[in-house]
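Pasted below: input.cif, mmCIF, N, CA, C and O atoms.
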data_final
loop_
_atom_site.label_atom_id
_atom_site.label_comp_id
_atom_site.auth_asym_id
_atom_site.auth_seq_id
_atom_site.Cartn_x
_atom_site.Cartn_y
_atom_site.Cartn_z
N MET A 1 -35.63 -13.86 -9.64
CA MET A 1 -34.80 -14.25 -8.52
C MET A 1 -33.50 -13.44 -8.60
O MET A 1 -32.87 -13.37 -9.65
N ALA A 2 -33.12 -12.87 -7.49
CA ALA A 2 -31.91 -12.08 -7.43
C ALA A 2 -30.67 -12.98 -7.43
O ALA A 2 -30.71 -14.12 -6.93
N LEU A 3 -29.58 -12.47 -7.97
CA LEU A 3 -28.35 -13.25 -8.06
C LEU A 3 -27.81 -13.68 -6.70
O LEU A 3 -27.41 -14.84 -6.54
N PRO A 4 -27.80 -12.79 -5.67
CA PRO A 4 -27.31 -13.26 -4.37
C PRO A 4 -28.11 -14.43 -3.79
O PRO A 4 -27.54 -15.37 -3.23
N LYS A 5 -29.43 -14.40 -3.96
CA LYS A 5 -30.26 -15.51 -3.50
C LYS A 5 -29.91 -16.79 -4.25
O LYS A 5 -29.86 -17.88 -3.68
N PHE A 6 -29.68 -16.64 -5.54
CA PHE A 6 -29.32 -17.80 -6.36
C PHE A 6 -28.00 -18.39 -5.89
O PHE A 6 -27.87 -19.61 -5.77
N ILE A 7 -27.02 -17.54 -5.65
CA ILE A 7 -25.70 -18.03 -5.24
C ILE A 7 -25.78 -18.74 -3.89
O ILE A 7 -25.19 -19.82 -3.70
N VAL A 8 -26.52 -18.17 -2.94
CA VAL A 8 -26.68 -18.81 -1.63
C VAL A 8 -27.38 -20.17 -1.79
O VAL A 8 -26.96 -21.17 -1.20
N GLY A 9 -28.41 -20.21 -2.60
CA GLY A 9 -29.12 -21.47 -2.82
C GLY A 9 -28.25 -22.50 -3.50
O GLY A 9 -28.31 -23.70 -3.18
N MET A 10 -27.43 -22.04 -4.46
CA MET A 10 -26.55 -22.96 -5.16
C MET A 10 -25.49 -23.54 -4.20
O MET A 10 -25.22 -24.74 -4.22
N ILE A 11 -24.92 -22.69 -3.36
CA ILE A 11 -23.94 -23.16 -2.39
C ILE A 11 -24.59 -24.15 -1.42
O ILE A 11 -24.00 -25.18 -1.07
N PHE A 12 -25.80 -23.86 -0.99
CA PHE A 12 -26.52 -24.76 -0.09
C PHE A 12 -26.76 -26.11 -0.75
O PHE A 12 -26.54 -27.17 -0.14
N ALA A 13 -27.21 -26.10 -2.00
CA ALA A 13 -27.49 -27.35 -2.70
C ALA A 13 -26.21 -28.15 -2.92
O ALA A 13 -26.19 -29.38 -2.75
N ILE A 14 -25.13 -27.47 -3.29
CA ILE A 14 -23.87 -28.17 -3.52
C ILE A 14 -23.33 -28.74 -2.21
O ILE A 14 -22.77 -29.84 -2.17
N SER A 15 -23.51 -28.01 -1.11
CA SER A 15 -23.05 -28.53 0.18
C SER A 15 -23.84 -29.78 0.59
O SER A 15 -23.28 -30.70 1.20
N ILE A 16 -25.10 -29.82 0.25
CA ILE A 16 -25.90 -31.02 0.51
C ILE A 16 -25.37 -32.20 -0.31
O ILE A 16 -25.27 -33.33 0.20
N VAL A 17 -25.02 -31.94 -1.57
CA VAL A 17 -24.48 -33.00 -2.42
C VAL A 17 -23.15 -33.50 -1.85
O VAL A 17 -22.88 -34.70 -1.81
N VAL A 18 -22.30 -32.57 -1.39
CA VAL A 18 -21.01 -32.97 -0.81
C VAL A 18 -21.24 -33.79 0.46
O VAL A 18 -20.59 -34.83 0.67
N ALA A 19 -22.15 -33.35 1.33
CA ALA A 19 -22.43 -34.09 2.57
C ALA A 19 -22.99 -35.47 2.25
O ALA A 19 -22.60 -36.46 2.89
N TRP A 20 -23.89 -35.54 1.29
CA TRP A 20 -24.48 -36.82 0.89
C TRP A 20 -23.38 -37.76 0.37
O TRP A 20 -23.36 -38.95 0.70
N SER A 21 -22.49 -37.24 -0.44
CA SER A 21 -21.41 -38.07 -0.98
C SER A 21 -20.46 -38.53 0.13
O SER A 21 -20.01 -39.68 0.15
N TRP A 22 -20.14 -37.62 1.04
CA TRP A 22 -19.23 -37.96 2.13
C TRP A 22 -19.84 -39.01 3.05
O TRP A 22 -19.18 -39.98 3.43
N LEU A 23 -21.13 -38.83 3.40
CA LEU A 23 -21.79 -39.80 4.26
C LEU A 23 -21.99 -41.14 3.57
O LEU A 23 -22.03 -42.19 4.22
N GLY A 24 -22.09 -41.10 2.25
CA GLY A 24 -22.25 -42.34 1.49
C GLY A 24 -20.94 -43.04 1.21
O GLY A 24 -20.93 -44.14 0.64
N GLY A 25 -19.83 -42.42 1.59
CA GLY A 25 -18.53 -43.05 1.39
C GLY A 25 -18.01 -42.96 -0.03
O GLY A 25 -17.19 -43.79 -0.44
N ALA A 26 -18.46 -41.97 -0.79
CA ALA A 26 -18.01 -41.84 -2.18
C ALA A 26 -16.58 -41.29 -2.22
O ALA A 26 -16.14 -40.59 -1.31
N SER A 27 -15.90 -41.60 -3.29
CA SER A 27 -14.53 -41.12 -3.45
C SER A 27 -14.54 -39.63 -3.81
O SER A 27 -15.59 -39.05 -4.14
N ILE A 28 -13.37 -39.02 -3.79
CA ILE A 28 -13.25 -37.60 -4.13
C ILE A 28 -13.68 -37.37 -5.57
O ILE A 28 -14.37 -36.39 -5.88
N GLY A 29 -13.30 -38.27 -6.46
CA GLY A 29 -13.67 -38.14 -7.87
C GLY A 29 -15.18 -38.21 -8.08
O GLY A 29 -15.75 -37.41 -8.82
N THR A 30 -15.82 -39.16 -7.42
CA THR A 30 -17.27 -39.29 -7.52
C THR A 30 -17.96 -38.05 -6.96
O THR A 30 -18.92 -37.54 -7.53
N THR A 31 -17.45 -37.55 -5.83
CA THR A 31 -18.02 -36.35 -5.22
C THR A 31 -17.88 -35.16 -6.17
O THR A 31 -18.82 -34.39 -6.34
N LEU A 32 -16.72 -35.03 -6.79
CA LEU A 32 -16.49 -33.93 -7.71
C LEU A 32 -17.43 -34.01 -8.92
O LEU A 32 -18.00 -33.00 -9.34
N VAL A 33 -17.61 -35.20 -9.46
CA VAL A 33 -18.53 -35.38 -10.59
C VAL A 33 -19.95 -35.02 -10.18
O VAL A 33 -20.67 -34.34 -10.91
N ARG A 34 -20.37 -35.44 -9.00
CA ARG A 34 -21.72 -35.11 -8.53
C ARG A 34 -21.90 -33.61 -8.35
O ARG A 34 -22.95 -33.06 -8.69
N VAL A 35 -20.89 -32.95 -7.82
CA VAL A 35 -20.96 -31.50 -7.61
C VAL A 35 -21.04 -30.78 -8.96
O VAL A 35 -21.83 -29.83 -9.12
N ILE A 36 -20.26 -31.21 -9.93
CA ILE A 36 -20.29 -30.58 -11.25
C ILE A 36 -21.64 -30.77 -11.92
O ILE A 36 -22.21 -29.84 -12.48
N ILE A 37 -22.17 -31.98 -11.85
CA ILE A 37 -23.49 -32.24 -12.43
C ILE A 37 -24.56 -31.40 -11.74
O ILE A 37 -25.43 -30.82 -12.40
N CYS A 38 -24.51 -31.31 -10.43
CA CYS A 38 -25.46 -30.50 -9.68
C CYS A 38 -25.37 -29.03 -10.08
O CYS A 38 -26.38 -28.37 -10.30
N ALA A 39 -24.15 -28.52 -10.21
CA ALA A 39 -23.96 -27.12 -10.59
C ALA A 39 -24.49 -26.85 -12.00
O ALA A 39 -25.12 -25.81 -12.24
N ILE A 40 -24.26 -27.78 -12.92
CA ILE A 40 -24.75 -27.60 -14.29
C ILE A 40 -26.27 -27.59 -14.32
O ILE A 40 -26.89 -26.75 -15.00
N ILE A 41 -26.89 -28.49 -13.59
CA ILE A 41 -28.36 -28.54 -13.55
C ILE A 41 -28.92 -27.26 -12.94
O ILE A 41 -29.90 -26.69 -13.45
N ILE A 42 -28.32 -26.78 -11.88
CA ILE A 42 -28.78 -25.55 -11.24
C ILE A 42 -28.62 -24.36 -12.18
O ILE A 42 -29.52 -23.52 -12.31
N GLN A 43 -27.48 -24.26 -12.86
CA GLN A 43 -27.25 -23.16 -13.79
C GLN A 43 -28.25 -23.19 -14.94
O GLN A 43 -28.78 -22.16 -15.34
N ALA A 44 -28.51 -24.37 -15.49
CA ALA A 44 -29.47 -24.49 -16.58
C ALA A 44 -30.87 -24.10 -16.11
O ALA A 44 -31.59 -23.38 -16.82
N GLY A 45 -31.23 -24.53 -14.92
CA GLY A 45 -32.54 -24.15 -14.38
C GLY A 45 -32.65 -22.66 -14.15
O GLY A 45 -33.69 -22.05 -14.43
N TYR A 46 -31.59 -22.03 -13.68
CA TYR A 46 -31.60 -20.59 -13.46
C TYR A 46 -31.74 -19.86 -14.79
O TYR A 46 -32.49 -18.90 -14.91
N PHE A 47 -31.03 -20.32 -15.83
CA PHE A 47 -31.13 -19.70 -17.15
C PHE A 47 -32.55 -19.80 -17.68
O PHE A 47 -33.11 -18.82 -18.19
N VAL A 48 -33.16 -20.97 -17.57
CA VAL A 48 -34.54 -21.16 -18.05
C VAL A 48 -35.49 -20.27 -17.26
O VAL A 48 -36.40 -19.65 -17.84
N LEU A 49 -35.31 -20.17 -15.95
CA LEU A 49 -36.16 -19.33 -15.12
C LEU A 49 -36.06 -17.86 -15.52
O LEU A 49 -37.08 -17.19 -15.71
N VAL A 50 -34.85 -17.36 -15.70
CA VAL A 50 -34.67 -15.96 -16.09
C VAL A 50 -35.22 -15.72 -17.48
O VAL A 50 -35.89 -14.71 -17.74
N TYR A 51 -35.00 -16.65 -18.40
CA TYR A 51 -35.53 -16.50 -19.75
C TYR A 51 -37.06 -16.46 -19.74
O TYR A 51 -37.67 -15.64 -20.43
N ALA A 52 -37.67 -17.32 -18.96
CA ALA A 52 -39.13 -17.33 -18.86
C ALA A 52 -39.65 -16.03 -18.25
O ALA A 52 -40.68 -15.50 -18.69
N MET A 53 -38.95 -15.51 -17.26
CA MET A 53 -39.38 -14.26 -16.64
C MET A 53 -39.28 -13.10 -17.63
O MET A 53 -40.16 -12.24 -17.67
N ILE A 54 -38.25 -13.08 -18.45
CA ILE A 54 -38.10 -12.03 -19.44
C ILE A 54 -39.15 -12.17 -20.53
O ILE A 54 -39.74 -11.18 -20.97
N ALA A 55 -39.40 -13.39 -20.97
CA ALA A 55 -40.38 -13.62 -22.03
C ALA A 55 -41.79 -13.25 -21.59
O ALA A 55 -42.60 -12.77 -22.41
N ARG A 56 -42.12 -13.44 -20.32
CA ARG A 56 -43.47 -13.15 -19.83
C ARG A 56 -43.65 -11.71 -19.38
O ARG A 56 -44.77 -11.29 -19.13
N SER A 57 -42.57 -10.95 -19.29
CA SER A 57 -42.68 -9.59 -18.76
C SER A 57 -43.41 -8.68 -19.74
O SER A 57 -43.34 -8.84 -20.95
N ALA A 58 -44.13 -7.73 -19.18
CA ALA A 58 -44.86 -6.76 -19.99
C ALA A 58 -43.87 -5.76 -20.57
O ALA A 58 -42.83 -5.48 -20.00
N PRO A 59 -44.22 -5.19 -21.74
CA PRO A 59 -43.32 -4.20 -22.32
C PRO A 59 -43.21 -2.95 -21.44
O PRO A 59 -44.18 -2.52 -20.82
N THR A 60 -42.03 -2.40 -21.38
CA THR A 60 -41.79 -1.19 -20.59
C THR A 60 -42.19 0.03 -21.39
O THR A 60 -42.38 -0.05 -22.61
N PRO A 61 -42.32 1.19 -20.75
CA PRO A 61 -42.62 2.40 -21.50
C PRO A 61 -41.58 2.69 -22.59
O PRO A 61 -41.92 3.19 -23.66
N ALA A 62 -40.33 2.36 -22.35
CA ALA A 62 -39.30 2.57 -23.38
C ALA A 62 -39.55 1.67 -24.59
O ALA A 62 -39.37 2.10 -25.73
N ASP A 63 -39.98 0.43 -24.35
CA ASP A 63 -40.30 -0.47 -25.47
C ASP A 63 -41.47 0.07 -26.28
O ASP A 63 -41.44 0.03 -27.51
N MET A 64 -42.49 0.55 -25.59
CA MET A 64 -43.66 1.08 -26.29
C MET A 64 -43.29 2.33 -27.09
O MET A 64 -43.76 2.52 -28.20
N ALA A 65 -42.44 3.19 -26.53
CA ALA A 65 -42.02 4.39 -27.23
C ALA A 65 -41.20 4.04 -28.46
O ALA A 65 -41.35 4.64 -29.54
N ARG A 66 -40.33 3.05 -28.35
CA ARG A 66 -39.52 2.61 -29.49
C ARG A 66 -40.39 2.05 -30.59
O ARG A 66 -40.19 2.34 -31.78
N ASP A 67 -41.40 1.26 -30.24
CA ASP A 67 -42.31 0.70 -31.24
C ASP A 67 -43.11 1.80 -31.93
O ASP A 67 -43.32 1.77 -33.14
N ALA A 68 -43.56 2.78 -31.16
CA ALA A 68 -44.32 3.89 -31.74
C ALA A 68 -43.43 4.69 -32.69
O ALA A 68 -43.88 5.12 -33.76
N GLU A 69 -42.18 4.89 -32.34
CA GLU A 69 -41.25 5.64 -33.20
C GLU A 69 -41.00 4.88 -34.50
O GLU A 69 -40.95 5.47 -35.58
N ARG A 70 -40.88 3.58 -34.42
CA ARG A 70 -40.67 2.78 -35.64
C ARG A 70 -41.88 2.86 -36.56
O ARG A 70 -41.73 2.89 -37.78
N LYS A 71 -43.08 2.86 -35.97
CA LYS A 71 -44.28 2.95 -36.79
C LYS A 71 -44.37 4.30 -37.48
O LYS A 71 -44.85 4.40 -38.61
N LEU A 72 -43.92 5.37 -36.83
CA LEU A 72 -43.96 6.69 -37.44
C LEU A 72 -42.97 6.80 -38.60
O LEU A 72 -43.24 7.47 -39.59
N LYS A 73 -41.84 6.16 -38.50
CA LYS A 73 -40.81 6.23 -39.54
C LYS A 73 -41.11 5.30 -40.72
O LYS A 73 -40.63 5.53 -41.82
N ALA A 74 -41.87 4.26 -40.49
CA ALA A 74 -42.15 3.29 -41.56
C ALA A 74 -43.18 3.87 -42.52
O ALA A 74 -44.14 4.51 -42.11
N PRO A 75 -42.96 3.66 -43.83
CA PRO A 75 -43.95 4.17 -44.80
C PRO A 75 -45.24 3.37 -44.71
O PRO A 75 -45.24 2.18 -44.42
N GLU A 76 -46.34 4.05 -44.95
CA GLU A 76 -47.66 3.40 -44.91
C GLU A 76 -47.86 2.63 -46.21
O GLU A 76 -47.93 3.19 -47.28
N VAL A 77 -47.92 1.30 -46.10
CA VAL A 77 -48.14 0.45 -47.26
C VAL A 77 -49.24 -0.53 -46.87
O VAL A 77 -49.21 -1.12 -45.80
N ALA A 78 -50.19 -0.67 -47.75
CA ALA A 78 -51.27 -1.62 -47.49
C ALA A 78 -50.72 -3.03 -47.48
O ALA A 78 -49.73 -3.33 -48.15
N GLU A 79 -51.37 -3.91 -46.77
CA GLU A 79 -50.89 -5.28 -46.61
C GLU A 79 -50.80 -6.01 -47.95
O GLU A 79 -49.85 -6.71 -48.22
N GLY A 80 -51.76 -5.83 -48.82
CA GLY A 80 -51.77 -6.51 -50.12
C GLY A 80 -50.72 -5.98 -51.07
O GLY A 80 -50.26 -6.68 -51.96
N GLU A 81 -50.33 -4.74 -50.94
CA GLU A 81 -49.36 -4.14 -51.85
C GLU A 81 -47.97 -4.73 -51.69
O GLU A 81 -47.23 -4.83 -52.66
N LYS A 82 -47.60 -5.10 -50.51
CA LYS A 82 -46.27 -5.64 -50.29
C LYS A 82 -46.05 -6.92 -51.10
O LYS A 82 -45.04 -7.08 -51.76
N LEU A 83 -47.01 -7.81 -51.05
CA LEU A 83 -46.87 -9.06 -51.78
C LEU A 83 -47.21 -8.88 -53.26
O LEU A 83 -46.62 -9.54 -54.11
N GLY A 84 -48.12 -7.99 -53.57
CA GLY A 84 -48.55 -7.81 -54.97
C GLY A 84 -47.41 -7.38 -55.85
O GLY A 84 -47.21 -7.91 -56.96
N SER A 85 -46.61 -6.41 -55.45
CA SER A 85 -45.53 -5.94 -56.31
C SER A 85 -44.44 -6.99 -56.43
O SER A 85 -43.82 -7.14 -57.46
N ALA A 86 -44.22 -7.76 -55.38
CA ALA A 86 -43.20 -8.81 -55.44
C ALA A 86 -43.64 -9.91 -56.37
O ALA A 86 -42.84 -10.46 -57.14
N ARG A 87 -44.90 -10.22 -56.38
CA ARG A 87 -45.40 -11.27 -57.27
C ARG A 87 -45.32 -10.84 -58.73
O ARG A 87 -44.98 -11.61 -59.58
N ARG A 88 -45.64 -9.57 -58.99
CA ARG A 88 -45.59 -9.09 -60.37
C ARG A 88 -44.16 -9.11 -60.90
O ARG A 88 -43.92 -9.39 -62.05
N SER A 89 -43.19 -8.82 -60.05
CA SER A 89 -41.81 -8.79 -60.51
C SER A 89 -41.27 -10.19 -60.79
O SER A 89 -40.33 -10.37 -61.54
N LEU A 90 -41.85 -11.20 -60.16
CA LEU A 90 -41.39 -12.57 -60.40
C LEU A 90 -41.89 -13.13 -61.72
O LEU A 90 -41.28 -14.02 -62.30
N HIS A 91 -43.02 -12.64 -62.23
CA HIS A 91 -43.60 -13.20 -63.47
C HIS A 91 -43.12 -12.48 -64.67
O HIS A 91 -42.97 -11.44 -64.97
#

With the file now loaded, output its structure as structure tokens.
Amino acid sequence: MALPKFIVGMIFAISIVVAWSWLGGASIGTTLVRVIICAIIIQAGYFVLVYAMIARSAPTPADMARDAERKLKAPEVAEGEKLGSARRSLH
């Protein structure tokens, strides 16, 4: 979701909360608390949505190139050797 769409949606939702509070006869303090709670919930939801989108995204060509470069620089060590030498040094 693009940031401008998010901002427009957030303003729309907050305006609904303000109208609901005004029509319900709530005080300014109650209206302000409702608006703050609404804004916090919307922000948290947006953060979770963006985090989920990033977590589910496929790796980019730059990510794949970086991983391939790391594999080339890393020394070739068998899986059993890593733990074997550490175990021998502990005894």

- Message: as JSON, numbers by chain, please: every residue in region 4-79 of chain A that a backbone DSSP assignment puts in helix (DSSP H, G or I).
- Response: {"A": [4, 5, 6, 7, 8, 9, 10, 11, 12, 13, 14, 15, 16, 17, 18, 19, 20, 21, 22, 23, 28, 29, 30, 31, 32, 33, 34, 35, 36, 37, 38, 39, 40, 41, 42, 43, 44, 45, 46, 47, 48, 49, 50, 51, 52, 53, 54, 55, 56, 61, 62, 63, 64, 65, 66, 67, 68, 69, 70, 71, 72, 73, 79]}

- Item | Shell of 7 Å around Val17 (chain A), all atoms listed in the file, local chain residues under 5 positions omitted, as a ChimeraX atom specification | /A:11-12,22-23,31,34-35

File of the preceding selection, N, CA, C and O atoms, as a short mmCIF file (atom, residue, chain, number, x, y, z; two decimals), in the frame of the given file:
data_model
loop_
_atom_site.label_atom_id
_atom_site.label_comp_id
_atom_site.auth_asym_id
_atom_site.auth_seq_id
_atom_site.Cartn_x
_atom_site.Cartn_y
_atom_site.Cartn_z
N ILE A 11 -24.92 -22.69 -3.36
CA ILE A 11 -23.94 -23.16 -2.39
C ILE A 11 -24.59 -24.15 -1.42
O ILE A 11 -24.00 -25.18 -1.07
N PHE A 12 -25.80 -23.86 -0.99
CA PHE A 12 -26.52 -24.76 -0.09
C PHE A 12 -26.76 -26.11 -0.75
O PHE A 12 -26.54 -27.17 -0.14
N TRP A 22 -20.14 -37.62 1.04
CA TRP A 22 -19.23 -37.96 2.13
C TRP A 22 -19.84 -39.01 3.05
O TRP A 22 -19.18 -39.98 3.43
N LEU A 23 -21.13 -38.83 3.40
CA LEU A 23 -21.79 -39.80 4.26
C LEU A 23 -21.99 -41.14 3.57
O LEU A 23 -22.03 -42.19 4.22
N THR A 31 -17.45 -37.55 -5.83
CA THR A 31 -18.02 -36.35 -5.22
C THR A 31 -17.88 -35.16 -6.17
O THR A 31 -18.82 -34.39 -6.34
N ARG A 34 -20.37 -35.44 -9.00
CA ARG A 34 -21.72 -35.11 -8.53
C ARG A 34 -21.90 -33.61 -8.35
O ARG A 34 -22.95 -33.06 -8.69
N VAL A 35 -20.89 -32.95 -7.82
CA VAL A 35 -20.96 -31.50 -7.61
C VAL A 35 -21.04 -30.78 -8.96
O VAL A 35 -21.83 -29.83 -9.12
#

- Message: Rounded to one decimal, what separation in Å do you get between atom O of Ser21 (chain A) and atom C of Ile37 (chain A)?
- Response: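 One can read the atom O of Ser21 (chain A) to atom C of Ile37 (chain A) distance as 15.2 Å.
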
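Taking CA of Ile7 (chain A) and atom O of Ala52 (chain A) as endpoints, the distance between them is 20.3 Å.
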
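We find CA of Ser15 (chain A) and CA of Val50 (chain A) to be spaced 23.6 Å apart.
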
- Query: Looking at only N, CA, C and O atoms, which of A:Ile54, A:Met10, A:Ala62, A:Ala26 is the one that sits closest to Ala39 (chain A)?
  - Reply: A:Met10

Please produce region 46-56 of chain A, completed to all heavy atoms, as a compact mmCIF listing (two decimals), keeping the file's coordinate frame.
# COMPACT_ATOMS: atom_id res chain seq x y z
N TYR A 46 -31.59 -22.03 -13.68
CA TYR A 46 -31.60 -20.59 -13.46
C TYR A 46 -31.74 -19.86 -14.79
O TYR A 46 -32.49 -18.90 -14.91
CB TYR A 46 -30.32 -20.15 -12.74
CG TYR A 46 -30.30 -18.69 -12.38
CD1 TYR A 46 -31.11 -18.19 -11.37
CD2 TYR A 46 -29.46 -17.79 -13.04
CE1 TYR A 46 -31.09 -16.86 -11.03
CE2 TYR A 46 -29.44 -16.46 -12.71
CZ TYR A 46 -30.25 -15.99 -11.70
OH TYR A 46 -30.23 -14.67 -11.37
N PHE A 47 -31.03 -20.32 -15.83
CA PHE A 47 -31.13 -19.70 -17.15
C PHE A 47 -32.55 -19.80 -17.68
O PHE A 47 -33.11 -18.82 -18.19
CB PHE A 47 -30.16 -20.37 -18.11
CG PHE A 47 -30.29 -19.88 -19.52
CD1 PHE A 47 -29.76 -18.66 -19.89
CD2 PHE A 47 -30.96 -20.63 -20.47
CE1 PHE A 47 -29.89 -18.20 -21.19
CE2 PHE A 47 -31.11 -20.18 -21.77
CZ PHE A 47 -30.56 -18.96 -22.12
N VAL A 48 -33.16 -20.97 -17.57
CA VAL A 48 -34.54 -21.16 -18.05
C VAL A 48 -35.49 -20.27 -17.26
O VAL A 48 -36.40 -19.65 -17.84
CB VAL A 48 -34.95 -22.65 -17.96
CG1 VAL A 48 -36.44 -22.84 -18.19
CG2 VAL A 48 -34.14 -23.47 -18.95
N LEU A 49 -35.31 -20.17 -15.95
CA LEU A 49 -36.16 -19.33 -15.12
C LEU A 49 -36.06 -17.86 -15.52
O LEU A 49 -37.08 -17.19 -15.71
CB LEU A 49 -35.79 -19.49 -13.65
CG LEU A 49 -36.53 -18.58 -12.67
CD1 LEU A 49 -37.99 -19.02 -12.55
CD2 LEU A 49 -35.85 -18.59 -11.32
N VAL A 50 -34.85 -17.36 -15.70
CA VAL A 50 -34.67 -15.96 -16.09
C VAL A 50 -35.22 -15.72 -17.48
O VAL A 50 -35.89 -14.71 -17.74
CB VAL A 50 -33.18 -15.56 -16.00
CG1 VAL A 50 -32.92 -14.20 -16.62
CG2 VAL A 50 -32.73 -15.55 -14.54
N TYR A 51 -35.00 -16.65 -18.40
CA TYR A 51 -35.53 -16.50 -19.75
C TYR A 51 -37.06 -16.46 -19.74
O TYR A 51 -37.67 -15.64 -20.43
CB TYR A 51 -35.04 -17.65 -20.64
CG TYR A 51 -35.48 -17.52 -22.07
CD1 TYR A 51 -34.83 -16.65 -22.94
CD2 TYR A 51 -36.56 -18.23 -22.56
CE1 TYR A 51 -35.23 -16.52 -24.25
CE2 TYR A 51 -36.99 -18.11 -23.86
CZ TYR A 51 -36.31 -17.25 -24.72
OH TYR A 51 -36.73 -17.11 -26.00
N ALA A 52 -37.67 -17.32 -18.96
CA ALA A 52 -39.13 -17.33 -18.86
C ALA A 52 -39.65 -16.03 -18.25
O ALA A 52 -40.68 -15.50 -18.69
CB ALA A 52 -39.60 -18.53 -18.04
N MET A 53 -38.95 -15.51 -17.26
CA MET A 53 -39.38 -14.26 -16.64
C MET A 53 -39.28 -13.10 -17.63
O MET A 53 -40.16 -12.24 -17.67
CB MET A 53 -38.52 -13.97 -15.40
CG MET A 53 -38.81 -14.89 -14.24
SD MET A 53 -37.66 -14.70 -12.87
CE MET A 53 -37.94 -13.03 -12.37
N ILE A 54 -38.25 -13.08 -18.45
CA ILE A 54 -38.10 -12.03 -19.44
C ILE A 54 -39.15 -12.17 -20.53
O ILE A 54 -39.74 -11.18 -20.97
CB ILE A 54 -36.68 -12.05 -20.05
CG1 ILE A 54 -35.66 -11.62 -18.99
CG2 ILE A 54 -36.58 -11.16 -21.27
CD1 ILE A 54 -34.23 -11.83 -19.39
N ALA A 55 -39.40 -13.39 -20.97
CA ALA A 55 -40.38 -13.62 -22.03
C ALA A 55 -41.79 -13.25 -21.59
O ALA A 55 -42.60 -12.77 -22.41
CB ALA A 55 -40.33 -15.08 -22.47
N ARG A 56 -42.12 -13.44 -20.32
CA ARG A 56 -43.47 -13.15 -19.83
C ARG A 56 -43.65 -11.71 -19.38
O ARG A 56 -44.77 -11.29 -19.13
CB ARG A 56 -43.82 -14.06 -18.65
CG ARG A 56 -43.98 -15.50 -19.03
CD ARG A 56 -44.49 -16.32 -17.89
NE ARG A 56 -43.93 -15.91 -16.61
CZ ARG A 56 -44.39 -16.26 -15.44
NH1 ARG A 56 -45.41 -17.07 -15.37
NH2 ARG A 56 -43.83 -15.85 -14.33
